[in-house]
Number of protein chains: 2
Amino acid sequence: MTEPHEPLLLTDLYELTMVQSYLAEGLSGQAVFEFFVRRLPPNRNFLIAAGIEEALAYLEGAGCSEEDLAWLAAQPGMHADLIAYLRAYRFTGDVDAMPVGTIFFPHEPVLRVTAPLPQAQLAETRLINLLHFCTVVASKAVRVRLAAPGKTLIDFGLRRAHGAEAGMLAARTSYAVGFDGTSNVLAARRFGLPAMGTMAHSYIEAHADEAQAFEAYARSNPGNVVFLLDTYDTEAAARTVVRLAPRLQAAGIAIRGVRIDSGDLAAHARRVRAILDDGGLHGTTILASGNLDEFRIQELLATEAPIDGFGIGAAADNAADAPLVDCGYKLVAYRGRPRRKKSEAKETWAGAKQVFRQFDAAGRIARDVVALTSERLPGTPLLVPMMRNGRRVAPPTNLDAVRSFVRRNLDTLPEALRSLTPAPPFSAEISSGVLAATAAAS
Amino acid sequence: MTEPHEPLLLTDLYELTMVQSYLAEGLSGQAVFEFFVRRLPPNRNFLIAAGIEEALAYLEGAGCSEEDLAWLAAQPGMHADLIAYLRAYRFTGDVDAMPVGTIFFPHEPVLRVTAPLPQAQLAETRLINLLHFCTVVASKAVRVRLAAPGKTLIDFGLRRAHGAEAGMLAARTSYAVGFDGTSNVLAARRFGLPAMGTMAHSYIEAHADEAQAFEAYARSNPGNVVFLLDTYDTEAAARTVVRLAPRLQAAGIAIRGVRIDSGDLAAHARRVRAILDDGGLHGTTILASGNLDEFRIQELLATEAPIDGFGIGAAADNAADAPLVDCGYKLVAYRGRPRRKKSEAKETWAGAKQVFRQFDAAGRIARDVVALTSERLPGTPLLVPMMRNGRRVAPPTNLDAVRSFVRRNLDTLPEALRSLTPAPPFSAEISSGVLAATAAAS
């Protein structure tokens, strides 16, 4: 009666019509599909693998309710064979993938599915949907992290994320790659993230007086006192905070921080810092927000603005400068034979592949080679077993472990690629085995 | 035991801490909040109101499960009063809004909530999340519709939409503003949309031979035969289609269409059209896809490329050139008194507002005036009652009626604003009443 957690009908119609044909033809041999990115989007020197956990959860949980099946059976052209197949559907294949947080480059397989053709085909749409978006967010959020070392970063993006799931995935993914928390309460609950927040302008405006608004908020939320300063006049509000402080301290309430959301953030932060310090509030931190991205943050910090943390909205949740990446989930082998398409400007490399990464003496990425899984090359293989016969090889990695892994991965980034502006591109090499397989598939 | 359809915890933490303070202070007077856009994003001469149905469904359905409440109660700083309030929560306010498909401009209220302050505040995050994204999609999709009059337009965007809900909302919204169908099966099921699709390159590659792949697909899907031509060689594939046609026709199977997904789409379409026509397949249509947006489509059609329809992916589902819009949901009145914030470059107009639209003799938009709800100005009021005392005034509008409304609305668009490139901006005027209310709130 209940909807499956991951409805199989969340897919493109052609996946169903193709499966219908595969079933009629008996094409259920082992297929290998790989998810990869064709080219870097603007302003990106590297990408960060993400969405793997979500992809595995999808493969484990996908199914059709009887209501879904009844509806589908009533659609023109849908065969009883397809309905029976979907009713019995369970993913029984293997998945190898880069762990969440792995740095990767175009034409490197990020996730590889090895499964009977109809299963691997059916998974296409939702796997791309999850892997693409999480990679977009991770690759953006990590740039914000690089721009603001040591600063508190909070995901404020739910309201302008593209729907609820985007807000949820962005909260989790930005935390995984180094943010400190999120304003999204449901994401905090589901994923165990630190929930963080301040107050809105409307809160201040609903009161006759800003000082009264601040005091009431502090008394109701004594453990989370962060005052929003810019509803009327930022510096006047900072002076109000200083005036209020003794009374709040007497009640045992500390003023943790203030937030500035508009105007010249660096100039305001400097003046507010001086006012707070003069008032003895050295421990009260300054949080900035308002259409911030990694470029604005870098500028602000370059002026040594005394800002302790940033609330990041749309930049984290919809990566406005690069909200999409040219990617694909392509058949690379069927029944052991390499496959590829030759569409103009969209050619793919054939064969089931692995990426071997070599490091220089300083531990930085020196060379990536995309090779066949049957080749043994020097370096660390980046794709690791995630699922065998439809069962996860290991339980989901906890987020703290992912965060450590991301930090270690970022330490391997060549200095030039850390820049927020475009660097000379780093390209993976293609092994002789892949070249031969691709020629054989042609 | 079950999650509510619309969990109240899908919100920013500060909505909860502010409500906690409102409850402690007894601030539960009537508040008016308005959703509006501050400025047009790049490449937009107007915007299309959307997400209203979803917003109303949210207000009707939002709630907290006992599990949510238990979790929240265990978080530091959350009061028993807040938990009790959320347990009993039901939205009891009024909503006035522009119907889905209404053309609007910056600083015009699109949706107005009038409700006790804690209720109106709690709704903020999710209302923005829905209204913002649906407006982004509608405003993009309608440009594609304007660029391709009379052509079939299909939403292919699920895979690169930002998560599942984005794909669902985009399918519904793009159809509402004039697309003809979607590849998204779940959206077709939930919203009653036409599901459309073809086949993928992987389908062809899984076969030893393209002709065999085409024939098998046609026999399995006789009512939906659209062959993908560009896996290996587009024109060779078109000739294969012509060769297959007699055998399929003998089996009663018509070849409805072909799809071209790469290369010079106009040149391929011309050559494919000639091959199909020479083969007597005059009724077989040509569908083009592959990173298309309104600009590419306009270019293709300007060359009179014989393309009958377009599959639109990321352009429809994440509006890559303008994936976000600067918007807000702001308190404009509390207990009958106008309110506003004065934050630098983010000032808002005070007072509960209506938009009055006047038309010229040809029925085109001539003048919009943003006025107080208490003012009576010439013209058509754009916001209409949607909800009273938490109950919908009318059942949800069916999508066909919305589509007709959108078409009529587009007929009112001044010629200059129909251009895909930026036109001199059309600005709403601000009434004397709004100016006075704003001055009074200062």
# chains A, B, ... in the order shown; residues from 1 in each chain; ligands from 1
$ interface_residues --of "chain A" --to "chain B" --cutoff "6 Å" --atoms "only C-alpha atoms" --output "ChimeraX atom specification"
/A:9-14,21,125,128-129,133,159-160,162-163,165-166,183-186,197-199,202,217,220,230-232,262-263,331,341-344
$ write_last_selection --atoms "C-alpha atoms" --output "PDB file, in the first residue's frame"
ATOM      1  CA  LEU A   9       8.713   5.018 -12.005  1.00  0.00           C
ATOM      2  CA  LEU A  10      10.881   8.037 -11.250  1.00  0.00           C
ATOM      3  CA  THR A  11      12.557   7.440 -14.579  1.00  0.00           C
ATOM      4  CA  ASP A  12      12.386   8.359 -18.243  1.00  0.00           C
ATOM      5  CA  LEU A  13       9.744   6.534 -20.254  1.00  0.00           C
ATOM      6  CA  TYR A  14      12.347   5.180 -22.649  1.00  0.00           C
ATOM      7  CA  SER A  21      12.245  -4.774 -25.746  1.00  0.00           C
ATOM      8  CA  THR A 125      17.844   8.178 -14.987  1.00  0.00           C
ATOM      9  CA  ILE A 128      22.400  10.403 -13.100  1.00  0.00           C
ATOM     10  CA  ASN A 129      19.876  12.558 -11.231  1.00  0.00           C
ATOM     11  CA  PHE A 133      23.417  17.025  -8.551  1.00  0.00           C
ATOM     12  CA  ARG A 159      14.795  28.309   0.248  1.00  0.00           C
ATOM     13  CA  ARG A 160      16.356  28.735  -3.181  1.00  0.00           C
ATOM     14  CA  HIS A 162      15.413  23.477  -6.565  1.00  0.00           C
ATOM     15  CA  GLY A 163      12.780  21.742  -4.486  1.00  0.00           C
ATOM     16  CA  GLU A 165      15.254  17.025  -2.228  1.00  0.00           C
ATOM     17  CA  ALA A 166      17.804  19.465  -3.604  1.00  0.00           C
ATOM     18  CA  SER A 183      19.864  25.829   8.608  1.00  0.00           C
ATOM     19  CA  ASN A 184      17.742  22.933   7.239  1.00  0.00           C
ATOM     20  CA  VAL A 185      16.103  21.301  10.266  1.00  0.00           C
ATOM     21  CA  LEU A 186      14.847  18.216   8.446  1.00  0.00           C
ATOM     22  CA  GLY A 197      20.387  29.633  12.580  1.00  0.00           C
ATOM     23  CA  THR A 198      19.905  33.204  13.654  1.00  0.00           C
ATOM     24  CA  MET A 199      16.775  35.362  13.136  1.00  0.00           C
ATOM     25  CA  SER A 202      10.613  39.933   9.887  1.00  0.00           C
ATOM     26  CA  TYR A 217      14.784  36.472  21.379  1.00  0.00           C
ATOM     27  CA  SER A 220      13.544  32.604  24.505  1.00  0.00           C
ATOM     28  CA  ASP A 230      20.961  45.140   9.396  1.00  0.00           C
ATOM     29  CA  THR A 231      17.180  45.538   9.571  1.00  0.00           C
ATOM     30  CA  TYR A 232      17.449  49.300  10.072  1.00  0.00           C
ATOM     31  CA  SER A 262      23.566  43.582   3.449  1.00  0.00           C
ATOM     32  CA  GLY A 263      25.658  46.569   2.429  1.00  0.00           C
ATOM     33  CA  LEU A 331      27.106   1.366 -21.811  1.00  0.00           C
ATOM     34  CA  LYS A 341      28.718   5.373 -29.192  1.00  0.00           C
ATOM     35  CA  LYS A 342      30.279   7.450 -31.923  1.00  0.00           C
ATOM     36  CA  SER A 343      27.870  10.392 -31.927  1.00  0.00           C
ATOM     37  CA  GLU A 344      29.686  13.534 -33.040  1.00  0.00           C
TER      38      GLU A 344
END
$ residues_around --residues "Leu413 (chain A)" --least-positions-apart "2" --cutoff "6 Å" --atoms "only C-alpha atoms" --output "PDB file with N, CA and C atoms, in the first residue's frame"
ATOM      1  N   ARG A 364      51.109  15.051  -3.866  1.00  0.00           N
ATOM      2  CA  ARG A 364      50.104  15.678  -4.731  1.00  0.00           C
ATOM      3  C   ARG A 364      49.825  14.800  -5.953  1.00  0.00           C
ATOM      4  N   LEU A 410      41.881  16.726  -0.336  1.00  0.00           N
ATOM      5  CA  LEU A 410      42.221  18.100  -0.745  1.00  0.00           C
ATOM      6  C   LEU A 410      43.707  18.377  -0.565  1.00  0.00           C
ATOM      7  N   ASP A 411      44.318  17.691   0.370  1.00  0.00           N
ATOM      8  CA  ASP A 411      45.769  17.845   0.535  1.00  0.00           C
ATOM      9  C   ASP A 411      46.540  17.317  -0.672  1.00  0.00           C
TER      10      ASP A 411
END
$ closest_residue --among "A:Glu54, A:Asp293, A:Glu60, A:Asp81" --to "Val100 (chain A)" --atoms "only C-alpha atoms"
A:Glu54
$ select_by_dssp --residues "region 121-334 of chain A" --states "strand (DSSP E)" --output "PyMOL selection string"
chain A and resi 152-155+181-182+226-228+257-260+285-288+309-312+327-334
$ write_last_selection --atoms "C-alpha atoms" --output "mmCIF file, in the first residue's frame"
data_model
loop_
_atom_site.group_PDB
_atom_site.id
_atom_site.type_symbol
_atom_site.label_atom_id
_atom_site.label_comp_id
_atom_site.auth_asym_id
_atom_site.auth_seq_id
_atom_site.Cartn_x
_atom_site.Cartn_y
_atom_site.Cartn_z
ATOM 1 C CA THR A 152 32.527 28.639 10.000
ATOM 2 C CA LEU A 153 30.441 27.821 6.921
ATOM 3 C CA ILE A 154 26.696 27.264 7.180
ATOM 4 C CA ASP A 155 24.380 26.063 4.430
ATOM 5 C CA GLY A 181 26.241 22.954 9.596
ATOM 6 C CA THR A 182 22.961 23.763 7.936
ATOM 7 C CA VAL A 226 22.919 35.485 17.207
ATOM 8 C CA PHE A 227 21.437 38.909 16.499
ATOM 9 C CA LEU A 228 20.668 40.125 12.977
ATOM 10 C CA GLY A 257 27.246 36.240 17.550
ATOM 11 C CA VAL A 258 25.806 38.832 15.232
ATOM 12 C CA ARG A 259 24.889 38.554 11.573
ATOM 13 C CA ILE A 260 25.295 41.176 8.840
ATOM 14 C CA THR A 285 31.484 36.401 16.552
ATOM 15 C CA ILE A 286 30.476 38.047 13.271
ATOM 16 C CA LEU A 287 28.600 36.035 10.668
ATOM 17 C CA ALA A 288 28.097 37.424 7.146
ATOM 18 C CA GLY A 309 31.714 32.715 9.513
ATOM 19 C CA PHE A 310 29.535 32.781 6.437
ATOM 20 C CA GLY A 311 25.989 31.742 5.677
ATOM 21 C CA ILE A 312 25.955 30.384 2.143
ATOM 22 C CA CYS A 327 27.824 13.995 -17.925
ATOM 23 C CA GLY A 328 26.607 10.588 -18.999
ATOM 24 C CA TYR A 329 25.892 7.044 -17.846
ATOM 25 C CA LYS A 330 27.004 4.987 -20.799
ATOM 26 C CA LEU A 331 27.106 1.366 -21.811
ATOM 27 C CA VAL A 332 30.787 0.458 -22.083
ATOM 28 C CA ALA A 333 30.518 -3.338 -22.336
ATOM 29 C CA TYR A 334 27.873 -5.972 -22.983
#
$ residues_around --residues "region 271-274 of chain B" --least-positions-apart "4" --cutoff "8 Å" --atoms "only C-alpha atoms" --output "PyMOL selection string"
chain B and resi 234-235+238+267+278+286+306
$ closest_residue --among "B:Ile83, B:Leu372, B:Ala236, B:Leu111" --to "Glu53 (chain B)" --atoms "only C-alpha atoms"
B:Leu111
$ closest_residue --among "A:Thr303, A:Asn398, A:Ser174, A:Gln354" --to "Ile430 (chain A)" --atoms "only C-alpha atoms"
A:Gln354
$ residues_around --residues "Leu281 (chain A)" --least-positions-apart "2" --cutoff "10 Å" --atoms "only C-alpha atoms" --output "list in words"
Val241, Val242, Ala245, Ala254, Ile255, Arg256, Gly257, Arg273, Ala274, Ile275, Leu276, Asp277, Asp278, Gly279, Gly283, Thr284 and Thr285 of chain A
$ write_last_selection --atoms "N, CA and C atoms" --output "mmCIF file, in the first residue's frame"
data_model
loop_
_atom_site.group_PDB
_atom_site.id
_atom_site.type_symbol
_atom_site.label_atom_id
_atom_site.label_comp_id
_atom_site.auth_asym_id
_atom_site.auth_seq_id
_atom_site.Cartn_x
_atom_site.Cartn_y
_atom_site.Cartn_z
ATOM 1 N N VAL A 241 23.264 46.021 20.883
ATOM 2 C CA VAL A 241 23.734 44.740 21.420
ATOM 3 C C VAL A 241 24.640 44.976 22.631
ATOM 4 N N VAL A 242 25.542 45.940 22.484
ATOM 5 C CA VAL A 242 26.464 46.230 23.591
ATOM 6 C C VAL A 242 25.690 46.717 24.824
ATOM 7 N N ALA A 245 23.999 43.771 26.564
ATOM 8 C CA ALA A 245 24.840 42.665 27.031
ATOM 9 C C ALA A 245 24.859 42.492 28.554
ATOM 10 N N ALA A 254 24.839 34.428 27.115
ATOM 11 C CA ALA A 254 25.972 34.960 26.350
ATOM 12 C C ALA A 254 25.515 35.312 24.941
ATOM 13 N N ILE A 255 26.040 36.392 24.405
ATOM 14 C CA ILE A 255 25.727 36.780 23.025
ATOM 15 C C ILE A 255 26.768 36.123 22.121
ATOM 16 N N ARG A 256 26.345 35.029 21.494
ATOM 17 C CA ARG A 256 27.306 34.240 20.711
ATOM 18 C C ARG A 256 27.764 34.951 19.460
ATOM 19 N N GLY A 257 26.836 35.625 18.808
ATOM 20 C CA GLY A 257 27.246 36.240 17.550
ATOM 21 C C GLY A 257 26.260 37.265 17.048
ATOM 22 N N ARG A 273 32.877 45.095 14.635
ATOM 23 C CA ARG A 273 33.897 44.466 15.486
ATOM 24 C C ARG A 273 34.415 45.481 16.510
ATOM 25 N N ALA A 274 34.666 46.712 16.026
ATOM 26 C CA ALA A 274 35.185 47.749 16.932
ATOM 27 C C ALA A 274 34.159 48.059 18.025
ATOM 28 N N ILE A 275 32.900 48.175 17.626
ATOM 29 C CA ILE A 275 31.847 48.484 18.614
ATOM 30 C C ILE A 275 31.739 47.359 19.646
ATOM 31 N N LEU A 276 31.746 46.101 19.160
ATOM 32 C CA LEU A 276 31.634 44.962 20.082
ATOM 33 C C LEU A 276 32.843 44.909 21.013
ATOM 34 N N ASP A 277 34.035 45.111 20.447
ATOM 35 C CA ASP A 277 35.249 45.048 21.270
ATOM 36 C C ASP A 277 35.253 46.160 22.309
ATOM 37 N N ASP A 278 34.878 47.371 21.875
ATOM 38 C CA ASP A 278 34.800 48.484 22.826
ATOM 39 C C ASP A 278 33.824 48.170 23.957
ATOM 40 N N GLY A 279 32.794 47.401 23.605
ATOM 41 C CA GLY A 279 31.799 47.042 24.626
ATOM 42 C C GLY A 279 32.183 45.792 25.405
ATOM 43 N N GLY A 283 34.226 37.997 22.585
ATOM 44 C CA GLY A 283 33.892 36.622 22.196
ATOM 45 C C GLY A 283 32.703 36.505 21.263
ATOM 46 N N THR A 284 32.043 37.626 20.997
ATOM 47 C CA THR A 284 30.884 37.598 20.101
ATOM 48 C C THR A 284 31.368 37.580 18.656
ATOM 49 N N THR A 285 30.966 36.567 17.913
ATOM 50 C CA THR A 285 31.484 36.401 16.552
ATOM 51 C C THR A 285 30.618 37.143 15.538
#
$ atom_distance --atom1 "CA of Arg388 (chain B)" --atom2 "CA of Thr92 (chain B)"
7.7 Å
$ atom_distance --atom1 "CA of Ala97 (chain A)" --atom2 "CA of Glu34 (chain A)"
9.4 Å
$ closest_residue --among "A:Val370, A:Ala148, A:Val142, A:Leu82" --to "Ile48 (chain A)" --atoms "only C-alpha atoms"
A:Val142
$ closest_residue --among "B:Ile52, B:Ala439, B:Ala147, B:Leu244" --to "Thr421 (chain B)" --atoms "only C-alpha atoms"
B:Ala147
